[in-house]
$ cat work.cif   # mmCIF, N, CA and C atoms and all ligand atoms
data_coords
#
loop_
_atom_site.label_atom_id
_atom_site.label_comp_id
_atom_site.auth_asym_id
_atom_site.auth_seq_id
_atom_site.Cartn_x
_atom_site.Cartn_y
_atom_site.Cartn_z
N MET Q 25 0.85 -1.21 0.00
CA MET Q 25 0.00 0.00 0.00
C MET Q 25 0.87 1.25 0.00
N LYS Q 26 0.53 2.20 -0.85
CA LYS Q 26 1.37 3.37 -1.02
C LYS Q 26 1.19 4.39 0.11
N TRP Q 27 -0.03 4.52 0.60
CA TRP Q 27 -0.33 5.47 1.66
C TRP Q 27 -1.02 4.74 2.80
N THR Q 28 -0.56 4.93 4.00
CA THR Q 28 -1.24 4.38 5.15
C THR Q 28 -1.64 5.53 6.05
N TYR Q 29 -2.95 5.60 6.32
CA TYR Q 29 -3.46 6.70 7.15
C TYR Q 29 -3.80 6.20 8.55
N SER Q 30 -3.64 7.09 9.52
CA SER Q 30 -4.02 6.72 10.88
C SER Q 30 -4.61 7.91 11.61
N CYS Q 31 -5.36 7.59 12.65
CA CYS Q 31 -5.98 8.62 13.47
C CYS Q 31 -4.90 9.27 14.34
N PRO Q 32 -4.82 10.61 14.38
CA PRO Q 32 -3.80 11.26 15.22
C PRO Q 32 -4.05 11.03 16.71
N HIS Q 33 -5.25 10.60 17.08
CA HIS Q 33 -5.61 10.47 18.49
C HIS Q 33 -5.41 9.05 19.01
N CYS Q 34 -5.99 8.05 18.32
CA CYS Q 34 -5.89 6.66 18.81
C CYS Q 34 -4.95 5.81 17.97
N LYS Q 35 -4.43 6.37 16.87
CA LYS Q 35 -3.47 5.69 15.99
C LYS Q 35 -4.07 4.55 15.17
N ALA Q 36 -5.38 4.37 15.21
CA ALA Q 36 -6.00 3.31 14.42
C ALA Q 36 -5.77 3.57 12.94
N MET Q 37 -5.56 2.51 12.18
CA MET Q 37 -5.40 2.64 10.74
C MET Q 37 -6.75 2.98 10.12
N LEU Q 38 -6.75 3.96 9.23
CA LEU Q 38 -8.01 4.46 8.68
C LEU Q 38 -8.28 3.99 7.26
N ASN Q 39 -7.29 3.39 6.61
CA ASN Q 39 -7.56 2.86 5.25
C ASN Q 39 -7.14 1.41 5.15
N PRO Q 40 -7.95 0.52 5.72
CA PRO Q 40 -7.63 -0.91 5.71
C PRO Q 40 -7.50 -1.48 4.30
N GLN Q 41 -8.22 -0.87 3.33
CA GLN Q 41 -7.97 -1.29 1.96
C GLN Q 41 -7.34 -0.11 1.24
N ASP Q 42 -8.07 0.66 0.49
CA ASP Q 42 -7.50 1.84 -0.16
C ASP Q 42 -8.09 3.12 0.39
N ALA Q 43 -9.42 3.24 0.29
CA ALA Q 43 -10.07 4.49 0.69
C ALA Q 43 -9.92 4.72 2.20
N ILE Q 44 -9.83 5.99 2.57
CA ILE Q 44 -9.79 6.39 3.98
C ILE Q 44 -11.23 6.38 4.50
N ILE Q 45 -11.49 5.61 5.53
CA ILE Q 45 -12.85 5.50 6.07
C ILE Q 45 -12.99 6.42 7.28
N LEU Q 46 -13.94 7.35 7.19
CA LEU Q 46 -14.20 8.26 8.31
C LEU Q 46 -15.70 8.32 8.58
N VAL Q 47 -16.03 8.75 9.78
CA VAL Q 47 -17.42 9.04 10.09
C VAL Q 47 -17.66 10.49 9.70
N ALA Q 48 -18.60 10.70 8.78
CA ALA Q 48 -18.91 12.05 8.34
C ALA Q 48 -20.26 12.45 8.91
N GLY Q 49 -20.44 13.74 9.07
CA GLY Q 49 -21.72 14.21 9.58
C GLY Q 49 -22.08 15.56 9.02
N TYR Q 50 -23.36 15.77 8.88
CA TYR Q 50 -23.86 17.10 8.50
C TYR Q 50 -25.23 17.27 9.11
N LYS Q 51 -25.41 18.40 9.80
CA LYS Q 51 -26.64 18.62 10.55
C LYS Q 51 -26.89 17.43 11.48
N ASP Q 52 -28.04 16.77 11.41
CA ASP Q 52 -28.29 15.70 12.38
C ASP Q 52 -28.05 14.31 11.80
N ARG Q 53 -27.34 14.24 10.68
CA ARG Q 53 -27.09 12.92 10.07
C ARG Q 53 -25.62 12.54 10.19
N VAL Q 54 -25.34 11.25 10.35
CA VAL Q 54 -23.97 10.75 10.28
C VAL Q 54 -23.95 9.53 9.36
N TRP Q 55 -22.82 9.35 8.70
CA TRP Q 55 -22.67 8.21 7.80
C TRP Q 55 -21.18 7.93 7.63
N LEU Q 56 -20.87 6.79 7.05
CA LEU Q 56 -19.48 6.48 6.73
C LEU Q 56 -19.15 7.02 5.35
N VAL Q 57 -17.93 7.53 5.23
CA VAL Q 57 -17.50 8.08 3.96
C VAL Q 57 -16.14 7.46 3.61
N GLY Q 58 -15.90 7.29 2.32
CA GLY Q 58 -14.59 6.83 1.86
C GLY Q 58 -13.93 7.95 1.08
N LEU Q 59 -12.70 8.25 1.43
CA LEU Q 59 -11.96 9.30 0.73
C LEU Q 59 -10.81 8.68 -0.05
N HIS Q 60 -10.58 9.20 -1.25
CA HIS Q 60 -9.47 8.71 -2.06
C HIS Q 60 -8.15 8.89 -1.30
N PRO Q 61 -7.29 7.86 -1.31
CA PRO Q 61 -6.08 7.93 -0.48
C PRO Q 61 -4.97 8.83 -1.02
N GLU Q 62 -5.05 9.20 -2.30
CA GLU Q 62 -3.95 10.01 -2.85
C GLU Q 62 -4.19 11.49 -2.57
N PRO Q 63 -3.27 12.16 -1.87
CA PRO Q 63 -3.45 13.60 -1.62
C PRO Q 63 -3.64 14.34 -2.94
N GLY Q 64 -4.71 15.13 -3.05
CA GLY Q 64 -4.99 15.85 -4.28
C GLY Q 64 -6.02 15.18 -5.15
N GLU Q 65 -6.44 13.98 -4.77
CA GLU Q 65 -7.56 13.32 -5.46
C GLU Q 65 -8.80 13.51 -4.61
N TYR Q 66 -9.88 13.97 -5.20
CA TYR Q 66 -11.04 14.37 -4.39
C TYR Q 66 -12.27 13.49 -4.60
N GLU Q 67 -12.05 12.27 -5.06
CA GLU Q 67 -13.17 11.34 -5.19
C GLU Q 67 -13.66 10.98 -3.78
N VAL Q 68 -14.97 11.07 -3.58
CA VAL Q 68 -15.56 10.78 -2.28
C VAL Q 68 -16.63 9.71 -2.47
N PHE Q 69 -16.60 8.70 -1.61
CA PHE Q 69 -17.58 7.63 -1.68
C PHE Q 69 -18.56 7.81 -0.53
N VAL Q 70 -19.82 8.03 -0.86
CA VAL Q 70 -20.84 8.23 0.16
C VAL Q 70 -22.01 7.27 -0.11
N PRO Q 71 -22.82 7.00 0.92
CA PRO Q 71 -24.00 6.17 0.68
C PRO Q 71 -24.89 6.82 -0.38
N PRO Q 72 -25.66 6.01 -1.13
CA PRO Q 72 -26.43 6.52 -2.26
C PRO Q 72 -27.42 7.63 -1.90
N ASP Q 73 -27.89 7.66 -0.66
CA ASP Q 73 -28.89 8.68 -0.31
C ASP Q 73 -28.27 9.94 0.28
N VAL Q 74 -26.94 10.02 0.29
CA VAL Q 74 -26.29 11.22 0.81
C VAL Q 74 -25.99 12.17 -0.35
N LYS Q 75 -26.47 13.39 -0.23
CA LYS Q 75 -26.25 14.38 -1.27
C LYS Q 75 -25.08 15.27 -0.89
N VAL Q 76 -24.13 15.42 -1.81
CA VAL Q 76 -23.00 16.30 -1.55
C VAL Q 76 -23.31 17.67 -2.11
N THR Q 77 -23.50 18.65 -1.23
CA THR Q 77 -23.82 20.01 -1.66
C THR Q 77 -22.63 20.91 -1.37
N SER Q 78 -22.10 21.52 -2.42
CA SER Q 78 -20.93 22.38 -2.27
C SER Q 78 -21.19 23.45 -1.23
N GLY Q 79 -20.22 23.66 -0.37
CA GLY Q 79 -20.33 24.69 0.65
C GLY Q 79 -20.77 24.19 2.01
N ASP Q 80 -21.35 23.00 2.06
CA ASP Q 80 -21.72 22.43 3.36
C ASP Q 80 -20.46 22.09 4.15
N ARG Q 81 -20.45 22.43 5.44
CA ARG Q 81 -19.31 22.09 6.28
C ARG Q 81 -19.59 20.78 7.00
N TRP Q 82 -18.97 19.71 6.52
CA TRP Q 82 -19.15 18.40 7.13
C TRP Q 82 -18.26 18.26 8.35
N SER Q 83 -18.66 17.38 9.26
CA SER Q 83 -17.75 16.99 10.32
C SER Q 83 -17.13 15.65 9.94
N PHE Q 84 -15.92 15.44 10.40
CA PHE Q 84 -15.27 14.15 10.20
C PHE Q 84 -14.73 13.66 11.53
N ALA Q 85 -14.98 12.39 11.82
CA ALA Q 85 -14.51 11.82 13.07
C ALA Q 85 -13.88 10.47 12.79
N CYS Q 86 -13.00 10.05 13.70
CA CYS Q 86 -12.37 8.73 13.60
C CYS Q 86 -13.42 7.66 13.86
N PRO Q 87 -13.50 6.64 13.01
CA PRO Q 87 -14.51 5.59 13.22
C PRO Q 87 -14.16 4.66 14.39
N VAL Q 88 -12.94 4.74 14.89
CA VAL Q 88 -12.54 3.85 15.99
C VAL Q 88 -12.73 4.53 17.35
N CYS Q 89 -12.17 5.73 17.52
CA CYS Q 89 -12.25 6.39 18.83
C CYS Q 89 -13.29 7.51 18.86
N SER Q 90 -13.89 7.83 17.71
CA SER Q 90 -14.96 8.83 17.60
C SER Q 90 -14.51 10.27 17.84
N VAL Q 91 -13.22 10.50 17.99
CA VAL Q 91 -12.76 11.88 18.22
C VAL Q 91 -12.93 12.69 16.92
N ASP Q 92 -13.46 13.90 17.07
CA ASP Q 92 -13.61 14.83 15.95
C ASP Q 92 -12.23 15.21 15.41
N LEU Q 93 -12.07 15.18 14.10
CA LEU Q 93 -10.76 15.41 13.49
C LEU Q 93 -10.51 16.88 13.14
N VAL Q 94 -11.41 17.77 13.54
CA VAL Q 94 -11.22 19.19 13.24
C VAL Q 94 -9.96 19.70 13.95
N THR Q 95 -9.27 20.66 13.32
CA THR Q 95 -8.05 21.18 13.93
C THR Q 95 -8.39 22.21 15.01
N ASP Q 96 -7.43 22.47 15.91
CA ASP Q 96 -7.69 23.45 16.97
C ASP Q 96 -7.49 24.89 16.48
N PHE Q 97 -6.91 25.08 15.29
CA PHE Q 97 -6.65 26.45 14.83
C PHE Q 97 -7.56 26.88 13.68
N SER Q 98 -8.27 25.94 13.07
CA SER Q 98 -9.19 26.31 12.00
C SER Q 98 -10.43 25.43 12.03
N ASN Q 99 -11.57 26.06 12.04
CA ASN Q 99 -12.83 25.32 12.04
C ASN Q 99 -13.14 24.71 10.68
N ASP Q 100 -12.36 25.04 9.66
CA ASP Q 100 -12.62 24.54 8.31
C ASP Q 100 -11.70 23.38 7.92
N LEU Q 101 -10.76 23.02 8.79
CA LEU Q 101 -9.77 22.00 8.43
C LEU Q 101 -9.81 20.81 9.38
N CYS Q 102 -9.54 19.62 8.83
CA CYS Q 102 -9.38 18.41 9.62
C CYS Q 102 -7.97 17.88 9.39
N ALA Q 103 -7.55 16.96 10.25
CA ALA Q 103 -6.20 16.41 10.11
C ALA Q 103 -6.19 14.92 10.40
N VAL Q 104 -5.41 14.19 9.60
CA VAL Q 104 -5.13 12.77 9.85
C VAL Q 104 -3.63 12.57 9.61
N ASP Q 105 -3.10 11.48 10.13
CA ASP Q 105 -1.69 11.18 9.92
C ASP Q 105 -1.53 10.26 8.72
N ILE Q 106 -0.40 10.39 8.04
CA ILE Q 106 -0.13 9.59 6.85
C ILE Q 106 1.28 9.04 6.94
N HIS Q 107 1.43 7.80 6.52
CA HIS Q 107 2.75 7.18 6.41
C HIS Q 107 2.95 6.79 4.95
N SER Q 108 3.97 7.34 4.32
CA SER Q 108 4.26 6.96 2.93
C SER Q 108 5.75 7.13 2.68
N ASP Q 109 6.28 6.35 1.78
CA ASP Q 109 7.72 6.39 1.48
C ASP Q 109 8.55 6.30 2.75
N ASP Q 110 8.09 5.50 3.71
CA ASP Q 110 8.82 5.30 4.96
C ASP Q 110 8.94 6.56 5.81
N GLU Q 111 8.05 7.52 5.58
CA GLU Q 111 8.08 8.74 6.38
C GLU Q 111 6.70 9.01 6.95
N ASP Q 112 6.69 9.69 8.10
CA ASP Q 112 5.44 10.06 8.75
C ASP Q 112 5.15 11.54 8.54
N HIS Q 113 3.91 11.85 8.17
CA HIS Q 113 3.49 13.23 7.97
C HIS Q 113 2.08 13.39 8.51
N ARG Q 114 1.60 14.62 8.46
CA ARG Q 114 0.20 14.87 8.79
C ARG Q 114 -0.46 15.53 7.58
N VAL Q 115 -1.68 15.12 7.30
CA VAL Q 115 -2.42 15.69 6.18
C VAL Q 115 -3.55 16.55 6.73
N PHE Q 116 -3.59 17.80 6.31
CA PHE Q 116 -4.68 18.71 6.67
C PHE Q 116 -5.55 18.88 5.43
N PHE Q 117 -6.85 18.83 5.61
CA PHE Q 117 -7.74 18.96 4.45
C PHE Q 117 -8.99 19.74 4.83
N SER Q 118 -9.53 20.43 3.83
CA SER Q 118 -10.76 21.20 4.03
C SER Q 118 -11.93 20.27 4.25
N ARG Q 119 -12.81 20.65 5.21
CA ARG Q 119 -14.02 19.84 5.42
C ARG Q 119 -15.25 20.49 4.81
N ILE Q 120 -15.01 21.48 3.94
CA ILE Q 120 -16.11 22.10 3.21
C ILE Q 120 -16.35 21.30 1.93
N ALA Q 121 -17.56 20.80 1.77
CA ALA Q 121 -17.86 20.00 0.58
C ALA Q 121 -17.61 20.82 -0.68
N GLY Q 122 -16.92 20.23 -1.63
CA GLY Q 122 -16.64 20.91 -2.89
C GLY Q 122 -15.33 21.67 -2.89
N GLU Q 123 -14.79 21.95 -1.71
CA GLU Q 123 -13.50 22.64 -1.66
C GLU Q 123 -12.38 21.64 -1.86
N GLN Q 124 -11.32 22.07 -2.53
CA GLN Q 124 -10.17 21.20 -2.74
C GLN Q 124 -8.94 21.88 -2.17
N ALA Q 125 -8.60 21.49 -0.96
CA ALA Q 125 -7.42 22.06 -0.30
C ALA Q 125 -6.85 21.00 0.63
N THR Q 126 -5.67 20.52 0.31
CA THR Q 126 -5.01 19.46 1.07
C THR Q 126 -3.55 19.83 1.26
N PHE Q 127 -3.07 19.66 2.48
CA PHE Q 127 -1.70 20.03 2.80
C PHE Q 127 -1.00 18.86 3.48
N VAL Q 128 0.17 18.52 3.02
CA VAL Q 128 0.96 17.47 3.66
C VAL Q 128 2.09 18.16 4.41
N ILE Q 129 2.13 17.93 5.73
CA ILE Q 129 3.07 18.63 6.60
C ILE Q 129 4.01 17.62 7.24
N SER Q 130 5.29 17.89 7.14
CA SER Q 130 6.27 17.03 7.80
C SER Q 130 6.78 17.75 9.04
N ALA Q 131 7.67 17.10 9.78
CA ALA Q 131 8.25 17.75 10.96
C ALA Q 131 8.99 19.03 10.57
N GLU Q 132 9.47 19.09 9.33
CA GLU Q 132 10.22 20.27 8.87
C GLU Q 132 9.30 21.37 8.35
N GLY Q 133 8.04 21.05 8.09
CA GLY Q 133 7.13 22.07 7.58
C GLY Q 133 6.34 21.57 6.39
N LEU Q 134 5.85 22.52 5.58
CA LEU Q 134 5.00 22.16 4.43
C LEU Q 134 5.79 21.32 3.44
N ARG Q 135 5.22 20.16 3.10
CA ARG Q 135 5.88 19.27 2.15
C ARG Q 135 5.24 19.37 0.78
N SER Q 136 3.90 19.41 0.74
CA SER Q 136 3.22 19.60 -0.54
C SER Q 136 1.82 20.11 -0.27
N LYS Q 137 1.24 20.78 -1.26
CA LYS Q 137 -0.15 21.19 -1.16
C LYS Q 137 -0.85 20.88 -2.46
N HIS Q 138 -2.14 20.61 -2.35
CA HIS Q 138 -2.91 20.12 -3.49
C HIS Q 138 -4.28 20.77 -3.50
N GLY Q 139 -4.82 20.99 -4.71
CA GLY Q 139 -6.19 21.44 -4.83
C GLY Q 139 -6.29 22.89 -5.24
N LYS Q 140 -7.44 23.21 -5.85
CA LYS Q 140 -7.63 24.55 -6.42
C LYS Q 140 -7.87 25.61 -5.36
N ASP Q 141 -8.16 25.21 -4.13
CA ASP Q 141 -8.53 26.19 -3.10
C ASP Q 141 -7.44 26.40 -2.03
N VAL Q 142 -6.22 25.96 -2.29
CA VAL Q 142 -5.17 26.07 -1.26
C VAL Q 142 -4.87 27.52 -0.88
N ASP Q 143 -5.02 28.44 -1.84
CA ASP Q 143 -4.65 29.83 -1.56
C ASP Q 143 -5.52 30.44 -0.46
N ALA Q 144 -6.74 29.92 -0.31
CA ALA Q 144 -7.64 30.44 0.72
C ALA Q 144 -7.13 30.11 2.12
N TYR Q 145 -6.17 29.23 2.22
CA TYR Q 145 -5.68 28.78 3.54
C TYR Q 145 -4.24 29.21 3.80
N GLU Q 146 -3.83 30.30 3.16
CA GLU Q 146 -2.45 30.75 3.33
C GLU Q 146 -2.12 31.04 4.79
N GLN Q 147 -3.03 31.72 5.50
CA GLN Q 147 -2.78 32.04 6.91
C GLN Q 147 -2.69 30.78 7.76
N GLU Q 148 -3.63 29.85 7.51
CA GLU Q 148 -3.68 28.63 8.32
C GLU Q 148 -2.44 27.76 8.10
N THR Q 149 -1.87 27.84 6.89
CA THR Q 149 -0.72 26.98 6.58
C THR Q 149 0.40 27.17 7.60
N ALA Q 150 0.57 28.41 8.07
CA ALA Q 150 1.64 28.69 9.04
C ALA Q 150 1.42 27.96 10.35
N GLN Q 151 0.17 27.59 10.63
CA GLN Q 151 -0.13 26.94 11.91
C GLN Q 151 -0.18 25.42 11.80
N MET Q 152 0.01 24.90 10.62
CA MET Q 152 -0.02 23.45 10.44
C MET Q 152 1.29 22.85 10.93
N LYS Q 153 1.19 22.01 11.94
CA LYS Q 153 2.41 21.44 12.52
C LYS Q 153 2.27 19.93 12.60
N TYR Q 154 3.40 19.27 12.43
CA TYR Q 154 3.45 17.84 12.70
C TYR Q 154 4.69 17.58 13.53
N LEU Q 155 4.48 17.22 14.78
CA LEU Q 155 5.61 16.95 15.66
C LEU Q 155 5.73 15.45 15.87
N LEU Q 156 6.88 14.93 15.61
CA LEU Q 156 7.11 13.49 15.83
C LEU Q 156 7.24 13.20 17.32
ZN ZN Z 1 -9.12 7.49 16.55
#
$ encode --input "work.cif" --output "structure tokens"
Amino acid sequence: MKWTYSCPHCKAMLNPQDAIILVAGYKDRVWLVGLHPEPGEYEVFVPPDVKVTSGDRWSFACPVCSVDLVTDFSNDLCAVDIHSDDEDHRVFFSRIAGEQATFVISAEGLRSKHGKDVDAYEQETAQMKYLL
């Protein structure tokens, strides 16, 4: 497997096959969602009756420990840990449906950013940290 994701809180593996499995929520509904494992790919797998409406702010939580994955410095970003190429990083991503903004942060700082909406998060990028 090229990318292995884990919960920053309980360390549970989040992509047992390929897609990252998270608990998603909007208003009073919750469901399981699958996210494409490649940073910068925005394919989302949702149950057939879930409508993805651009601009909705979804919540994302770990399916194992149930901790909300929202960051402490931005209400619009979530974070999960990623292991790839024998290195550990943290991935920050927008939780606004339809937005494409993903940041891979290493202990040294920003490693890569992906998506058409990254510029909207210039201020937040300075606060993205991954401490080993
Ligand atoms: Zn967890």
$ residues_around --input "work.cif" --residues "Q:Phe117" --least-positions-apart "5" --cutoff "12 Å" --atoms "only C-alpha atoms" --output "NGL selection string"
:Q and (59 or 63-66 or 82-84 or 93-95 or 98-105 or 122-129 or 137-139 or 141-142 or 145 or 148-149 or 152)
$ select_by_dssp --input "work.cif" --residues "chain Q" --states "strand (DSSP E)" --output "MDAnalysis selection string"
chainID Q and resid 28:30 44:50 53:59 68:69 83:85 101:108 111:118 126:130 133:138
$ closest_residue --input "work.cif" --among "Q:Asp110, Q:Asp143, Q:Asp92, Q:Asp52" --to "ligand ZN 1 (chain Z)" --atoms "only C-alpha atoms and all ligand atoms"
Q:Asp92
$ residues_near_ligand --input "work.cif" --ligand "ligand ZN 1 (chain Z)" --cutoff "5 Å" --atoms "only N, CA and C atoms and all ligand atoms" --output "PyMOL selection string"
chain Q and resi 31+33-35+86+88-90
$ select_by_dssp --input "work.cif" --residues "stretch 74-154 of chain Q" --states "helix (DSSP H, G or I)" --output "number ranges by chain"
Q: 142-149
$ atom_distance --input "work.cif" --atom1 "atom N of Q:Val68" --atom2 "atom CA of Q:Ala121"
10.3 Å
$ atom_distance --input "work.cif" --atom1 "atom CA of Q:Lys51" --atom2 "atom C of Q:Arg81"
8.2 Å
$ residues_near_point --input "work.cif" --point "(2.8, 15.1, 10.7)" --cutoff "5 Å" --atoms "only N, CA and C atoms" --output "number ranges by chain"
Q: 112-114, 129-130, 154-155
